[in-house]
file final09.cif (mmCIF, C-alpha atoms)
data_query
#
loop_
_atom_site.label_atom_id
_atom_site.label_comp_id
_atom_site.auth_asym_id
_atom_site.auth_seq_id
_atom_site.Cartn_x
_atom_site.Cartn_y
_atom_site.Cartn_z
CA MET A 1 11.73 17.48 -16.93
CA ALA A 2 13.33 15.64 -14.06
CA GLN A 3 11.87 16.26 -10.62
CA MET A 4 13.65 18.13 -7.83
CA PRO A 5 12.60 19.85 -4.61
CA LYS A 6 11.38 23.42 -4.84
CA ARG A 7 13.04 24.41 -1.56
CA VAL A 8 15.65 22.68 0.52
CA LYS A 9 16.98 23.29 3.99
CA HIS A 10 20.57 22.35 3.14
CA ARG A 11 22.30 22.36 -0.24
CA LYS A 12 24.39 19.30 0.56
CA VAL A 13 23.62 16.32 2.77
CA HIS A 14 25.58 13.35 4.07
CA ARG A 15 25.59 10.15 2.08
CA GLY A 16 23.71 8.15 4.71
CA LYS A 17 23.46 4.38 5.05
CA LEU A 18 21.37 1.99 2.98
CA LYS A 19 20.90 -0.76 5.51
CA ARG A 20 17.26 -0.71 6.51
CA LEU A 21 14.08 -2.08 5.04
CA ALA A 22 11.19 0.10 3.96
CA HIS A 23 8.60 0.17 6.71
CA ARG A 24 6.72 3.01 5.05
CA GLY A 25 5.69 3.32 1.43
CA ASN A 26 5.87 -0.45 1.06
CA LYS A 27 2.26 -1.09 0.07
CA VAL A 28 0.28 -0.56 -3.11
CA SER A 29 -1.88 2.40 -2.11
CA PHE A 30 -3.20 4.13 -5.25
CA GLY A 31 -3.26 1.70 -8.17
CA ASP A 32 -3.91 -2.00 -8.65
CA PHE A 33 -0.31 -3.12 -9.18
CA GLY A 34 2.99 -1.81 -7.92
CA LEU A 35 6.69 -2.12 -8.67
CA GLN A 36 8.51 -2.97 -5.43
CA ALA A 37 12.25 -2.54 -4.98
CA LEU A 38 14.11 -5.57 -3.66
CA GLU A 39 17.43 -3.79 -3.15
CA ALA A 40 18.57 -0.53 -1.67
CA GLY A 41 19.96 2.22 -3.84
CA TRP A 42 19.72 5.75 -5.13
CA VAL A 43 17.37 6.30 -8.05
CA SER A 44 18.25 9.51 -9.83
CA ALA A 45 15.66 12.01 -11.00
CA ASN A 46 16.63 11.34 -14.62
CA VAL A 47 15.98 7.62 -14.19
CA ILE A 48 12.60 8.28 -12.54
CA GLU A 49 11.63 10.51 -15.47
CA ALA A 50 12.94 8.13 -18.15
CA ALA A 51 11.04 5.26 -16.57
CA ARG A 52 7.87 7.36 -16.42
CA ILE A 53 8.15 8.21 -20.12
CA THR A 54 8.75 4.63 -21.20
CA ALA A 55 5.88 3.31 -19.08
CA ASN A 56 3.45 5.94 -20.34
CA ARG A 57 4.42 5.20 -23.93
CA TYR A 58 3.80 1.52 -23.33
CA LEU A 59 0.45 2.21 -21.66
CA GLY A 60 -0.58 4.40 -24.60
CA GLY A 61 -3.03 6.51 -22.63
CA GLU A 62 -4.63 3.55 -20.84
CA GLY A 63 -4.78 3.41 -17.07
CA LYS A 64 -2.90 5.68 -14.70
CA LEU A 65 0.71 5.61 -13.60
CA TYR A 66 1.62 6.80 -10.10
CA ILE A 67 5.19 7.67 -9.08
CA ARG A 68 5.68 6.88 -5.40
CA ILE A 69 9.25 8.15 -4.96
CA PHE A 70 10.65 11.66 -5.09
CA PRO A 71 14.30 12.64 -5.59
CA ASP A 72 14.96 14.79 -2.52
CA LYS A 73 18.60 13.92 -1.88
CA PRO A 74 21.26 16.08 -3.51
CA ILE A 75 24.21 14.02 -4.75
CA THR A 76 27.45 15.93 -5.07
CA SER A 77 30.44 15.26 -7.25
CA THR A 78 33.85 16.83 -7.84
CA PRO A 79 34.78 17.71 -11.43
CA LEU A 80 37.21 15.51 -13.37
CA GLU A 81 40.95 16.22 -13.15
CA THR A 82 40.55 18.03 -9.85
CA ARG A 83 43.15 17.73 -7.15
CA MET A 84 42.17 16.18 -3.85
CA GLY A 85 40.81 18.38 -1.10
CA LYS A 86 39.16 21.77 -1.48
CA GLY A 87 36.05 20.57 0.31
CA LYS A 88 32.91 18.76 -0.70
CA GLY A 89 31.87 18.82 -4.36
CA GLU A 90 28.94 20.71 -5.79
CA PRO A 91 25.45 19.18 -6.16
CA ASP A 92 25.38 17.19 -9.36
CA TYR A 93 21.97 15.53 -9.45
CA TRP A 94 19.01 14.62 -7.27
CA ALA A 95 18.16 11.09 -6.19
CA ALA A 96 15.49 9.21 -4.27
CA VAL A 97 16.68 6.89 -1.53
CA VAL A 98 15.16 3.47 -2.13
CA GLN A 99 15.08 0.71 0.47
CA PRO A 100 14.08 -2.93 -0.04
CA GLY A 101 10.29 -2.96 0.00
CA THR A 102 9.73 0.57 -1.34
CA VAL A 103 6.94 0.73 -3.90
CA LEU A 104 8.42 2.81 -6.71
CA TYR A 105 5.60 3.02 -9.26
CA GLU A 106 1.96 2.00 -9.31
CA ILE A 107 -0.43 1.41 -12.16
CA GLY A 108 -4.22 1.37 -11.97
CA GLY A 109 -6.98 0.69 -14.47
CA VAL A 110 -5.22 -1.83 -16.69
CA PRO A 111 -5.10 -5.64 -16.74
CA GLU A 112 -2.24 -7.37 -14.96
CA ALA A 113 -0.45 -8.36 -18.18
CA VAL A 114 -0.29 -4.72 -19.31
CA ALA A 115 0.92 -3.55 -15.90
CA ARG A 116 3.62 -6.21 -15.90
CA GLY A 117 4.71 -5.13 -19.38
CA ALA A 118 5.04 -1.52 -18.26
CA PHE A 119 6.89 -2.51 -15.09
CA ALA A 120 9.32 -4.67 -17.07
CA ARG A 121 10.23 -1.61 -19.13
CA ILE A 122 10.65 0.49 -16.00
CA ALA A 123 12.73 -2.18 -14.25
CA HIS A 124 15.21 -2.22 -17.14
CA LYS A 125 16.07 1.39 -16.37
CA LEU A 126 16.32 1.08 -12.59
CA PRO A 127 19.57 0.61 -10.68
CA VAL A 128 17.83 -1.76 -8.23
CA LYS A 129 16.14 -5.12 -8.61
CA ALA A 130 12.37 -4.83 -8.51
CA ARG A 131 9.30 -7.01 -8.77
CA CYS A 132 5.63 -6.54 -9.58
CA ILE A 133 3.17 -6.87 -6.71
CA ALA A 134 -0.61 -6.64 -6.62
CA ARG A 135 -2.72 -4.60 -4.23
CA ARG A 136 -3.23 -6.55 -1.06
CA ARG A 137 -6.83 -7.01 -0.08
CA ALA A 138 -8.16 -5.37 3.09
CA MET B 139 -20.70 -15.92 5.67
CA LYS B 140 -19.28 -19.32 6.49
CA THR B 141 -16.87 -19.25 9.42
CA MET B 142 -13.52 -20.83 8.70
CA PRO B 143 -11.90 -23.13 11.25
CA LEU B 144 -8.37 -22.47 12.46
CA LYS B 145 -6.36 -24.50 14.93
CA ALA B 146 -4.14 -22.71 17.40
CA ARG B 147 -2.12 -23.51 20.47
CA LYS B 148 -1.48 -21.53 23.61
CA ARG B 149 2.04 -20.21 23.81
CA THR B 150 3.87 -19.52 27.00
CA GLU B 151 7.02 -18.06 25.48
CA GLN B 152 6.89 -14.35 24.74
CA GLY B 153 9.21 -11.65 23.45
CA SER B 154 10.96 -10.97 20.18
CA ARG B 155 13.44 -13.86 20.38
CA ALA B 156 10.78 -16.43 21.17
CA CYS B 157 8.55 -15.07 18.41
CA ARG B 158 11.43 -15.25 15.94
CA ARG B 159 11.97 -18.90 16.86
CA LEU B 160 8.26 -19.49 16.39
CA ARG B 161 8.28 -17.95 12.91
CA ARG B 162 11.30 -20.00 11.95
CA ALA B 163 9.33 -23.11 12.93
CA GLY B 164 6.49 -22.16 10.57
CA GLU B 165 4.14 -20.59 13.08
CA VAL B 166 2.80 -17.09 13.55
CA PRO B 167 2.42 -15.48 16.99
CA ALA B 168 -1.11 -14.28 17.60
CA ILE B 169 -3.01 -12.58 20.37
CA LEU B 170 -6.63 -13.25 21.20
CA TYR B 171 -8.50 -10.56 23.08
CA GLY B 172 -12.00 -9.43 23.82
CA SER B 173 -14.74 -10.01 26.33
CA THR B 174 -17.30 -12.74 26.90
CA ARG B 175 -20.59 -12.44 28.75
CA GLU B 176 -21.62 -14.99 31.32
CA GLY B 177 -24.99 -13.91 32.61
CA ASP B 178 -24.58 -10.35 33.91
CA GLN B 179 -20.83 -10.68 34.25
CA THR B 180 -18.39 -9.60 31.58
CA LYS B 181 -15.13 -11.49 31.47
CA LEU B 182 -12.08 -10.11 29.75
CA VAL B 183 -10.06 -12.61 27.74
CA THR B 184 -6.44 -12.32 26.65
CA GLU B 185 -4.53 -15.29 25.32
CA ASN B 186 -1.16 -15.60 23.63
CA LEU B 187 -1.52 -18.08 20.80
CA ALA B 188 0.49 -19.54 17.95
CA VAL B 189 -1.10 -20.53 14.65
CA SER B 190 0.26 -22.31 11.61
CA ALA B 191 1.59 -19.80 9.08
CA TYR B 192 0.52 -22.02 6.18
CA GLU B 193 -3.06 -22.41 7.40
CA LEU B 194 -3.37 -18.74 8.23
CA THR B 195 -2.06 -17.60 4.83
CA LYS B 196 -4.48 -19.97 3.13
CA LEU B 197 -7.41 -18.49 5.06
CA ILE B 198 -6.33 -14.91 4.38
CA ASP B 199 -6.04 -15.72 0.67
CA GLN B 200 -9.64 -16.92 0.80
CA HIS B 201 -10.58 -13.50 2.28
CA ALA B 202 -11.76 -15.00 5.55
CA SER B 203 -12.40 -12.43 8.23
CA VAL B 204 -14.46 -14.44 10.72
CA LEU B 205 -12.71 -17.54 12.04
CA GLU B 206 -13.67 -20.28 14.45
CA ILE B 207 -10.51 -20.77 16.42
CA SER B 208 -9.87 -23.81 18.59
CA TYR B 209 -7.08 -23.84 21.17
CA GLY B 210 -6.74 -26.56 23.75
CA ALA B 211 -10.27 -27.58 24.71
CA GLU B 212 -11.70 -24.15 23.96
CA LYS B 213 -13.37 -22.74 20.90
CA ALA B 214 -14.09 -19.13 20.02
CA LEU B 215 -15.49 -17.05 17.22
CA VAL B 216 -12.93 -14.41 16.26
CA GLN B 217 -12.38 -11.64 13.81
CA LEU B 218 -9.02 -11.16 12.08
CA SER B 219 -8.66 -7.58 13.21
CA GLU B 220 -5.06 -6.88 12.26
CA ILE B 221 -2.48 -8.62 10.13
CA GLN B 222 1.12 -7.44 10.47
CA ARG B 223 3.49 -8.25 7.64
CA ASP B 224 7.22 -7.88 7.10
CA ALA B 225 8.65 -4.97 5.09
CA LEU B 226 8.43 -6.81 1.78
CA GLY B 227 4.92 -8.01 2.59
CA ASP B 228 5.70 -11.67 1.96
CA HIS B 229 5.40 -13.09 5.46
CA ILE B 230 2.87 -12.60 8.22
CA VAL B 231 4.63 -11.47 11.39
CA HIS B 232 1.71 -11.29 13.81
CA VAL B 233 -2.08 -11.39 13.87
CA ASP B 234 -4.64 -9.89 16.21
CA LEU B 235 -7.73 -12.02 16.82
CA LYS B 236 -10.68 -10.19 18.33
CA LEU B 237 -13.37 -12.17 20.13
CA ILE B 238 -16.81 -11.59 18.70
CA ASP B 239 -20.28 -12.41 19.92
CA PRO B 240 -22.30 -14.34 17.29
CA ASN B 241 -25.45 -12.46 18.33
CA ARG B 242 -24.04 -8.95 18.25
CA PRO B 243 -23.17 -6.94 15.15
CA MET B 244 -19.50 -6.61 14.25
CA SER B 245 -17.80 -4.16 11.94
CA GLY B 246 -14.98 -4.65 9.49
CA MET B 247 -13.54 -3.60 6.17
CA VAL B 248 -15.00 -5.48 3.20
CA GLU B 249 -13.38 -5.58 -0.20
CA LEU B 250 -15.23 -4.21 -3.22
CA ILE B 251 -15.06 -6.28 -6.40
CA PHE B 252 -15.75 -4.29 -9.55
CA LYS B 253 -17.58 -6.23 -12.27
CA GLY B 254 -18.16 -5.36 -15.89
CA GLU B 255 -16.91 -2.73 -18.29
CA PRO B 256 -18.47 0.72 -17.95
CA LYS B 257 -20.40 2.21 -20.85
CA GLY B 258 -18.25 5.31 -20.56
CA ALA B 259 -15.02 3.33 -20.94
CA ARG B 260 -16.13 2.28 -24.43
CA ALA B 261 -16.55 5.97 -25.24
CA GLY B 262 -12.98 6.71 -24.20
CA GLY B 263 -13.50 7.44 -20.51
CA LYS B 264 -11.46 5.85 -17.74
CA LEU B 265 -12.81 4.00 -14.74
CA LYS B 266 -11.26 5.49 -11.63
CA ILE B 267 -11.57 3.51 -8.42
CA VAL B 268 -11.43 5.68 -5.31
CA GLU B 269 -12.37 3.19 -2.58
CA TYR B 270 -11.27 -0.44 -2.73
CA ALA B 271 -12.95 -1.40 0.54
CA ILE B 272 -15.67 -0.02 2.77
CA GLU B 273 -16.47 -0.49 6.43
CA VAL B 274 -19.54 -2.61 7.00
CA GLU B 275 -21.52 -3.56 10.10
CA ALA B 276 -23.35 -6.89 10.24
CA LEU B 277 -23.90 -9.95 12.37
CA PRO B 278 -20.95 -12.35 12.05
CA ARG B 279 -23.06 -14.81 10.06
CA ASP B 280 -24.11 -12.05 7.62
CA MET B 281 -20.66 -10.53 7.18
CA PRO B 282 -19.78 -10.73 3.48
CA LYS B 283 -16.34 -11.69 2.21
CA GLU B 284 -16.60 -9.16 -0.57
CA ILE B 285 -19.18 -6.88 -2.16
CA GLU B 286 -19.74 -6.92 -5.89
CA VAL B 287 -20.10 -3.56 -7.59
CA HIS B 288 -21.50 -3.63 -11.13
CA VAL B 289 -20.15 -0.73 -13.14
CA ASP B 290 -21.65 -1.61 -16.56
CA GLU B 291 -24.17 1.22 -16.51
CA LEU B 292 -21.69 3.98 -15.70
CA ASP B 293 -21.33 6.54 -18.47
CA VAL B 294 -18.67 9.24 -18.75
CA ASP B 295 -18.82 11.56 -15.69
CA ASP B 296 -21.07 9.09 -13.82
CA ALA B 297 -20.13 8.09 -10.30
CA LEU B 298 -21.14 5.60 -7.64
CA HIS B 299 -21.23 6.54 -3.97
CA VAL B 300 -21.32 4.31 -0.93
CA ASP B 301 -25.08 4.81 -0.42
CA GLU B 302 -25.71 3.67 -4.01
CA LEU B 303 -24.05 0.28 -3.50
CA THR B 304 -26.18 -2.84 -3.23
CA LEU B 305 -25.18 -4.43 0.05
CA PRO B 306 -26.02 -8.02 1.00
CA ALA B 307 -28.99 -8.55 3.33
CA GLY B 308 -28.27 -7.69 6.96
CA CYS B 309 -25.35 -5.37 6.15
CA LYS B 310 -25.06 -1.68 6.90
CA ALA B 311 -22.32 0.55 5.53
CA LEU B 312 -20.43 2.50 8.19
CA THR B 313 -18.41 4.47 5.65
CA ASN B 314 -19.95 7.86 4.88
CA GLY B 315 -22.77 7.42 2.35
CA ARG B 316 -21.59 10.36 0.22
CA GLN B 317 -18.10 8.90 -0.12
CA LEU B 318 -17.19 8.40 -3.77
CA VAL B 319 -16.44 4.79 -4.65
CA VAL B 320 -15.87 4.81 -8.38
CA HIS B 321 -16.31 7.21 -11.26
CA VAL B 322 -15.71 7.35 -14.99
CA VAL B 323 -13.47 10.26 -15.86
CA PRO B 324 -13.74 11.80 -19.35
CA PRO B 325 -10.94 11.17 -21.83
CA ALA B 326 -8.02 13.59 -21.56
CA GLY B 327 -8.43 16.32 -24.20
CA GLU B 328 -5.66 17.46 -26.50
CA GLY B 329 -5.46 20.79 -24.69
CA GLU B 330 -4.49 19.10 -21.44
CA GLY B 331 -1.51 17.37 -23.05
CA GLU B 332 -0.21 20.67 -24.41
CA ALA B 333 -0.61 22.34 -21.04
CA GLU B 334 1.49 19.62 -19.47
CA GLY B 335 4.23 20.21 -22.02
CA GLU B 336 4.25 23.94 -21.32
CA GLY B 337 4.56 23.33 -17.62
CA GLU B 338 7.59 21.18 -18.22
CA ALA B 339 9.23 23.87 -20.30
CA GLU B 340 8.69 26.40 -17.53
CA ALA B 341 10.14 24.03 -14.97
CA ALA B 342 13.21 23.55 -17.12
CA ALA B 343 13.81 27.28 -17.29
CA SER B 344 13.48 27.83 -13.52
CA GLU B 345 16.38 27.65 -11.10
CA PRO B 346 17.19 24.17 -9.89
CA GLU B 347 16.78 24.93 -6.21
CA VAL B 348 15.79 27.66 -3.77
CA ILE B 349 17.71 27.41 -0.55
CA ALA B 350 15.86 28.32 2.60
CA LYS B 351 18.03 30.95 4.20
CA GLY B 352 18.40 31.55 7.91
CA LYS B 353 17.08 34.60 9.76
CA LYS B 354 20.60 35.91 10.10
CA GLU B 355 21.08 36.39 6.38
CA GLU B 356 17.60 37.84 5.93
CA ALA B 357 18.41 40.48 8.52
CA GLU B 358 21.52 41.42 6.56
#
call {"tool": "encode", "arguments": {"input": "final09.cif", "output": "structure tokens"}}
result
Amino acid sequence: MAQMPKRVKHRKVHRGKLKRLAHRGNKVSFGDFGLQALEAGWVSANVIEAARITANRYLGGEGKLYIRIFPDKPITSTPLETRMGKGKGEPDYWAAVVQPGTVLYEIGGVPEAVARGAFARIAHKLPVKARCIARRRA
Amino acid sequence: MKTMPLKARKRTEQGSRACRRLRRAGEVPAILYGSTREGDQTKLVTENLAVSAYELTKLIDQHASVLEISYGAEKALVQLSEIQRDALGDHIVHVDLKLIDPNRPMSGMVELIFKGEPKGARAGGKLKIVEYAIEVEALPRDMPKEIEVHVDELDVDDALHVDELTLPAGCKALTNGRQLVVHVVPPAGEGEGEAEGEGEAEAAASEPEVIAKGKKEEAE
């Protein structure tokens, strides 16, 4: 099941700008390897879930996959064949705002080749370019 | 631990624009700070320096934490106390160099290197690393680059804590001794998988969102 917030303050939010770099959540914190976004974009809850499933299938019970993003932004849309006006559309899906540098997923407890394989499968599903990075030493 | 040499130069230009020019020219702005003792007197030192980005990256890749820095006619033993990177983590933006006394203990984070395959992993368990580095106190010459942790003997449900680690001679762990470092978790049972599935089904049935309503509506 795709993720979504349990409670929200506002049903609809502004679109916002995707101009900044990620100055938080840009390090590998839980696992050994991470998948870092190189572009900005919205990653929908369905994509996050699909990527999780494909990575876990590839890992086959080995290691641990961490999801570092959460879809907390409601994206609205107006139905097809609707006349202009009549206000903002209804919430359609939830998305996570991703900035260049954001670590999207992390994997721990597997060799690098396996982590890269899982990340390659995740990256195919993502709407942003991403790369594999290793945990940086203290 | 062998101290690594690093050449630096004093910089007079300061501020974001000057630092940006410096980085474009292949250097990294650095600050040197600390105190030195001359007899009974303590002298505070602060210097704005510039170091070669290439040399610095090479040293950091070798896990150097204690450096012998030379700038102008002066030399100093320093600790790499903070490394600032850009958002993508590719480039070093700034480094803090802290003066250290070779005869006084210093503290710093030391990386843990996990060696071997745990006994429990062969039985289906998973090695879970909780701490990747611990804080250690030692004289600069005794400061290790990394600490090896052998996990071969760990069975399922076994754990290693900070006080059970074998530290190099002259080192003392500052991290809490009861802090968990690594443990082997038992294999996930079939029951757990089913429970996860049920939870998902429940989530699917629930309402997509609960809107936090204002006091005004609650009063109504």
call {"tool": "interface_residues", "arguments": {"input": "final09.cif", "of": "chain A", "to": "chain B", "cutoff": "8 Å", "atoms": "only C-alpha atoms", "output": "ChimeraX atom specification"}}
result
/A:1,4-11,21-23,26-27,38,62-63,100-101,109,137-138
call {"tool": "closest_residue", "arguments": {"input": "final09.cif", "among": "B:Cys309, B:Val323, B:Val274, B:Ile285", "to": "Gly258 of chain B", "atoms": "all atoms listed in the file"}}
result
B:Val323
call {"tool": "closest_residue", "arguments": {"input": "final09.cif", "among": "A:Lys12, A:Gly41, A:Ala115, A:Arg57", "to": "Ser77 of chain A", "atoms": "all atoms listed in the file"}}
result
A:Lys12
call {"tool": "atom_distance", "arguments": {"input": "final09.cif", "atom1": "atom CA of Arg158 of chain B", "atom2": "atom CA of Ile230 of chain B"}}
result
11.8 Å
call {"tool": "resolve_selection", "arguments": {"input": "final09.cif", "expression": "the PyMOL selection byres ((chain B and resi 238-244) around 6)", "output": "list of chain:residue names"}}
result
B:Leu215, B:Val216, B:Leu237, B:Ser245, B:Glu275, B:Ala276, B:Leu277, B:Pro278
call {"tool": "atom_distance", "arguments": {"input": "final09.cif", "atom1": "atom CA of Lys181 of chain B", "atom2": "atom CA of Met281 of chain B"}}
result
24.9 Å
call {"tool": "closest_residue", "arguments": {"input": "final09.cif", "among": "A:Ala55, A:Ile107, A:Val47, A:Ala95", "to": "Ile133 of chain A", "atoms": "all atoms listed in the file"}}
result
A:Ile107
call {"tool": "atom_distance", "arguments": {"input": "final09.cif", "atom1": "atom CA of Lys236 of chain B", "atom2": "atom CA of Leu170 of chain B"}}
result
5.8 Å
call {"tool": "residues_around", "arguments": {"input": "final09.cif", "residues": "Lys148 of chain B", "least_positions_apart": "5", "cutoff": "8 Å", "atoms": "only C-alpha atoms", "output": "number ranges by chain"}}
result
B: 185-188, 209-210
call {"tool": "resolve_selection", "arguments": {"input": "final09.cif", "expression": "the PyMOL selection byres ((chain A and resi 44) around 8)", "output": "ChimeraX atom specification"}}
result
/A:42-43,45-48,71,93-96
call {"tool": "closest_residue", "arguments": {"input": "final09.cif", "among": "A:Ala134, A:Ala2, A:Ala120, A:Val97", "to": "Lys17 of chain A", "atoms": "all atoms listed in the file"}}
result
A:Val97
call {"tool": "decode", "arguments": {"input": "final09.cif", "residues": "segment 84-109 of chain A", "atoms": "N, CA and C atoms", "output": "compact mmCIF listing (two decimals), in the first residue's frame"}}
result
# COMPACT_ATOMS: atom_id res chain seq x y z
N MET A 84 -12.82 25.11 -17.77
CA MET A 84 -11.88 25.89 -16.97
C MET A 84 -12.59 26.55 -15.79
N GLY A 85 -11.82 26.84 -14.76
CA GLY A 85 -12.39 27.53 -13.61
C GLY A 85 -12.92 26.54 -12.58
N LYS A 86 -13.81 27.00 -11.78
CA LYS A 86 -14.42 26.21 -10.70
C LYS A 86 -13.42 25.83 -9.61
N GLY A 87 -12.35 26.60 -9.53
CA GLY A 87 -11.43 26.40 -8.40
C GLY A 87 -10.42 25.28 -8.60
N LYS A 88 -9.62 25.12 -7.55
CA LYS A 88 -8.52 24.15 -7.59
C LYS A 88 -9.09 22.73 -7.58
N GLY A 89 -8.38 21.83 -8.25
CA GLY A 89 -8.83 20.44 -8.35
C GLY A 89 -8.75 19.72 -7.02
N GLU A 90 -9.18 18.50 -7.03
CA GLU A 90 -9.19 17.69 -5.80
C GLU A 90 -7.86 16.92 -5.69
N PRO A 91 -7.43 16.60 -4.46
CA PRO A 91 -6.19 15.82 -4.32
C PRO A 91 -6.27 14.51 -5.10
N ASP A 92 -5.22 14.27 -5.86
CA ASP A 92 -5.20 13.09 -6.73
C ASP A 92 -4.26 12.01 -6.17
N TYR A 93 -3.05 12.46 -5.82
CA TYR A 93 -2.08 11.51 -5.26
C TYR A 93 -1.13 12.26 -4.34
N TRP A 94 -0.29 11.51 -3.65
CA TRP A 94 0.68 12.11 -2.73
C TRP A 94 2.08 11.95 -3.31
N ALA A 95 2.92 12.95 -3.09
CA ALA A 95 4.27 12.89 -3.64
C ALA A 95 5.30 13.40 -2.63
N ALA A 96 6.52 12.94 -2.79
CA ALA A 96 7.63 13.43 -1.98
C ALA A 96 8.40 14.43 -2.83
N VAL A 97 8.74 15.55 -2.25
CA VAL A 97 9.53 16.55 -2.97
C VAL A 97 11.01 16.15 -2.87
N VAL A 98 11.63 15.98 -4.01
CA VAL A 98 13.01 15.53 -4.05
C VAL A 98 13.88 16.63 -4.64
N GLN A 99 14.96 16.93 -3.95
CA GLN A 99 15.90 17.96 -4.44
C GLN A 99 17.22 17.27 -4.80
N PRO A 100 18.03 17.90 -5.66
CA PRO A 100 19.32 17.27 -5.97
C PRO A 100 20.12 17.06 -4.69
N GLY A 101 20.56 15.86 -4.47
CA GLY A 101 21.33 15.53 -3.26
C GLY A 101 20.56 14.66 -2.29
N THR A 102 19.22 14.64 -2.39
CA THR A 102 18.40 13.86 -1.45
C THR A 102 18.74 12.37 -1.57
N VAL A 103 18.95 11.74 -0.42
CA VAL A 103 19.16 10.28 -0.44
C VAL A 103 17.77 9.65 -0.36
N LEU A 104 17.42 8.89 -1.39
CA LEU A 104 16.06 8.37 -1.52
C LEU A 104 15.90 7.03 -0.82
N TYR A 105 16.84 6.14 -1.06
CA TYR A 105 16.80 4.79 -0.46
C TYR A 105 18.19 4.47 0.07
N GLU A 106 18.23 3.60 1.05
CA GLU A 106 19.52 3.10 1.54
C GLU A 106 19.43 1.60 1.71
N ILE A 107 20.57 0.96 1.54
CA ILE A 107 20.63 -0.50 1.72
C ILE A 107 21.81 -0.80 2.64
N GLY A 108 21.58 -1.68 3.60
CA GLY A 108 22.67 -2.10 4.49
C GLY A 108 22.75 -3.61 4.54
N GLY A 109 23.94 -4.12 4.82
CA GLY A 109 24.12 -5.55 5.03
C GLY A 109 24.28 -6.39 3.79
